[in-house]
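> Okay, handing you the structure first.
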Amino acid sequence: MTEKTQKKLAHLFDATQCVGCSACILACTQTNYPEMLNGEVAGWNWLPSNIRKITVERARRPVQILVQCQQCENAPCISTCPFGANYHDPETGLVKTDPSRCVGCNYCIASCPYDVRWSHPETGLPMKCMGEGCHELIEQGRDPACVAACPVHARMFGDVSDPESPISRKLRAVKSEKLLPEKGTKPNFFVVVSK
């Protein structure tokens, strides 16, 4: 069950501006998993990061997009966790994990239709956007590492419940979509794939 929130923090990724430099992926690793800069996520074959590269077909052409936790309002990772380790933060609406309640069963990884959770190779615990480093940045009123690192401003983050926030204004100005709407997860991650 989703709790009422004052804020609804969301991500926007604009594939029409992204140049594929991977600065966001490196920034995520440096901020959240610096001890693993020489490692990789099993099956993803790149740095331990909460960002994953995927290719989608749009208008009969492949488009590379970078995805991460969709911060779903109806999050399967919350409903499938038998220990209540995953929850919505009542102040931000973000999906968070309480490591003290997590036993590493990884049901949340299996239940995520976006395939954006991964298991930490040392602890066996599930990881996701946002990592602790990014949570600290947000608490300080700053952007998450991926947004701050993007040299072409292909990323935004902010409160979509505030119609005057920069992200809300951008969403009114562009054609955006949400991934896998048929899954009923109600994601708070917006993607721009065409101008």
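So you can find residues: chains in the structure tokens are A, B, ... in the order shown, residues in each start at 1, and ligands are numbered from 1 in order.
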May I have the residues within 7 Å of A:Tyr107 as a PyMOL selection string, using only C-alpha atoms and disregarding those fewer than 3 positions away in the same chain?

chain A and resi 80-81+110-111

> As number ranges by chain, please: every residue in stretch 68-107 of chain A that a backbone DSSP assignment puts in strand (DSSP E).

A: 86-88, 95-97

> Atoms to include: N, CA and C atoms. Write the selected residues as a tab-separated table (two decimals), in the first residue's frame.


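Wrote it out as selection_19.tsv, contents follow:
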chain	number	residue	atom	x	y	z
A	86	ASN	N	11.59	-3.38	2.28
A	86	ASN	CA	11.39	-2.35	1.25
A	86	ASN	C	10.14	-1.56	1.60
A	87	TYR	N	10.22	-0.25	1.44
A	87	TYR	CA	9.11	0.62	1.85
A	87	TYR	C	9.17	1.95	1.11
A	88	HIS	N	8.07	2.68	1.15
A	88	HIS	CA	8.06	4.05	0.61
A	88	HIS	C	8.44	5.02	1.72
A	95	VAL	N	11.30	4.75	-3.02
A	95	VAL	CA	11.36	3.38	-2.53
A	95	VAL	C	12.71	3.19	-1.86
A	96	LYS	N	12.69	2.78	-0.60
A	96	LYS	CA	13.92	2.57	0.15
A	96	LYS	C	13.99	1.14	0.68
A	97	THR	N	15.20	0.74	1.06
A	97	THR	CA	15.43	-0.58	1.65
A	97	THR	C	16.07	-0.39	3.01

> Can you pull out the residues contacting stretch 125-141 of chain A? Cut-off 9 Å, using only C-alpha atoms, and skip same-chain residues under 2 positions away; I want them as a PyMOL selection string.

chain A and resi 28+30-33+49-51+68-71+94-97+99+102-106+108-109+116-123+143-146

> Any chance you can output those residues with C-alpha atoms as a PDB file, in the first residue's frame?


ATOM      1  CA  CYS A  28      26.809   6.421  -9.212  1.00  0.00           C
ATOM      2  CA  GLN A  30      31.908   6.584  -6.975  1.00  0.00           C
ATOM      3  CA  THR A  31      29.130   7.970  -4.761  1.00  0.00           C
ATOM      4  CA  ASN A  32      27.457   4.775  -3.614  1.00  0.00           C
ATOM      5  CA  TYR A  33      29.972   1.921  -4.043  1.00  0.00           C
ATOM      6  CA  SER A  49      26.032   0.974 -10.432  1.00  0.00           C
ATOM      7  CA  ASN A  50      22.309   1.443 -10.013  1.00  0.00           C
ATOM      8  CA  ILE A  51      22.017   2.429 -13.680  1.00  0.00           C
ATOM      9  CA  GLN A  68      17.353   2.672 -12.759  1.00  0.00           C
ATOM     10  CA  CYS A  69      14.823   2.153  -9.972  1.00  0.00           C
ATOM     11  CA  GLN A  70      11.546   3.572 -11.234  1.00  0.00           C
ATOM     12  CA  GLN A  71      10.475   4.611  -7.696  1.00  0.00           C
ATOM     13  CA  LEU A  94      11.091   7.150  -2.816  1.00  0.00           C
ATOM     14  CA  VAL A  95      11.356   3.379  -2.530  1.00  0.00           C
ATOM     15  CA  LYS A  96      13.923   2.570   0.152  1.00  0.00           C
ATOM     16  CA  THR A  97      15.426  -0.578   1.650  1.00  0.00           C
ATOM     17  CA  PRO A  99      19.228  -3.313   5.433  1.00  0.00           C
ATOM     18  CA  CYS A 102      16.752  -7.543   4.812  1.00  0.00           C
ATOM     19  CA  VAL A 103      17.903 -11.182   4.862  1.00  0.00           C
ATOM     20  CA  GLY A 104      19.120 -11.251   1.255  1.00  0.00           C
ATOM     21  CA  CYS A 105      16.366 -13.482  -0.151  1.00  0.00           C
ATOM     22  CA  ASN A 106      16.424 -11.240  -3.246  1.00  0.00           C
ATOM     23  CA  CYS A 108      12.759  -7.912  -4.691  1.00  0.00           C
ATOM     24  CA  ILE A 109      15.321  -8.448  -7.453  1.00  0.00           C
ATOM     25  CA  VAL A 116      17.259  -2.706 -12.168  1.00  0.00           C
ATOM     26  CA  ARG A 117      18.053  -4.271  -8.803  1.00  0.00           C
ATOM     27  CA  TRP A 118      21.191  -6.298  -8.260  1.00  0.00           C
ATOM     28  CA  SER A 119      22.847  -8.340  -5.537  1.00  0.00           C
ATOM     29  CA  HIS A 120      25.962  -6.949  -3.864  1.00  0.00           C
ATOM     30  CA  PRO A 121      28.713  -9.532  -4.498  1.00  0.00           C
ATOM     31  CA  GLU A 122      30.131  -9.224  -0.978  1.00  0.00           C
ATOM     32  CA  THR A 123      27.046  -8.870   1.226  1.00  0.00           C
ATOM     33  CA  ASP A 143      20.816  16.336  -6.974  1.00  0.00           C
ATOM     34  CA  PRO A 144      21.641  12.619  -7.040  1.00  0.00           C
ATOM     35  CA  ALA A 145      25.110  11.820  -8.398  1.00  0.00           C
ATOM     36  CA  CYS A 146      23.884  10.751 -11.847  1.00  0.00           C
TER      37      CYS A 146
END

> Tell me which of A:Glu177, A:Leu37, A:Cys24, A:Tyr114 sits closest to A:Pro151, counting only C-alpha atoms.

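Of the candidates, the smallest distance to A:Pro151 is held by A:Cys24.
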
> Per DSSP on the backbone, filter chain A down to the residues in helix (DSSP H, G or I) and report them as a ChimeraX atom specification.

/A:23-32,34-36,76-80,107-111,132-139,145-149,166-173,181-183

> Provide the atom CA of A:Cys21 to atom CA of A:Ile54 distance in Å, to one decimal place.

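Computed distance, atom CA of A:Cys21 to atom CA of A:Ile54, equals 14.6 Å.
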
> Show which residues sit within 10 Å of A:Lys53, as a PyMOL selection string. Count only C-alpha atoms, and ignore same-chain residues fewer than 5 positions away.

chain A and resi 20+22+25+44+46+64-68+116

> Find the residues around A:Pro62 up to 12 Å (only C-alpha atoms counted), leave out those fewer than 6 positions away in its own chain, and share them as a list in words.

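Counting only C-alpha atoms, the residues come to Ala15, Ile54, Thr55, Val56, Val193 and Ser194 of chain A.
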
> Would you save the residues from that selection as an mmCIF file, in the first residue's frame, using N, CA, C and O atoms?


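Writing the result to again.cif gives the following:
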data_model
loop_
_atom_site.group_PDB
_atom_site.id
_atom_site.type_symbol
_atom_site.label_atom_id
_atom_site.label_comp_id
_atom_site.auth_asym_id
_atom_site.auth_seq_id
_atom_site.Cartn_x
_atom_site.Cartn_y
_atom_site.Cartn_z
ATOM 1 N N ALA A 15 16.682 10.722 -23.609
ATOM 2 C CA ALA A 15 17.547 10.000 -24.540
ATOM 3 C C ALA A 15 17.935 10.848 -25.746
ATOM 4 O O ALA A 15 18.942 10.567 -26.401
ATOM 5 N N ILE A 54 19.773 -0.189 -21.520
ATOM 6 C CA ILE A 54 18.895 -1.074 -22.271
ATOM 7 C C ILE A 54 18.611 -0.423 -23.625
ATOM 8 O O ILE A 54 18.794 0.779 -23.801
ATOM 9 N N THR A 55 18.163 -1.222 -24.562
ATOM 10 C CA THR A 55 17.772 -0.711 -25.869
ATOM 11 C C THR A 55 16.297 -0.988 -26.064
ATOM 12 O O THR A 55 15.834 -2.105 -25.819
ATOM 13 N N VAL A 56 15.552 0.031 -26.462
ATOM 14 C CA VAL A 56 14.129 -0.115 -26.754
ATOM 15 C C VAL A 56 13.888 0.285 -28.201
ATOM 16 O O VAL A 56 14.633 1.072 -28.776
ATOM 17 N N VAL A 193 12.143 9.981 -25.520
ATOM 18 C CA VAL A 193 12.827 9.260 -26.584
ATOM 19 C C VAL A 193 12.721 9.928 -27.943
ATOM 20 O O VAL A 193 13.359 9.528 -28.887
ATOM 21 N N SER A 194 11.884 10.974 -28.040
ATOM 22 C CA SER A 194 11.790 11.713 -29.297
ATOM 23 C C SER A 194 11.448 13.155 -29.012
ATOM 24 O O SER A 194 10.862 13.484 -27.980
#

> Interatomic distance between atom CA of A:Arg61 and atom CA of A:Cys18?

16.1 Å
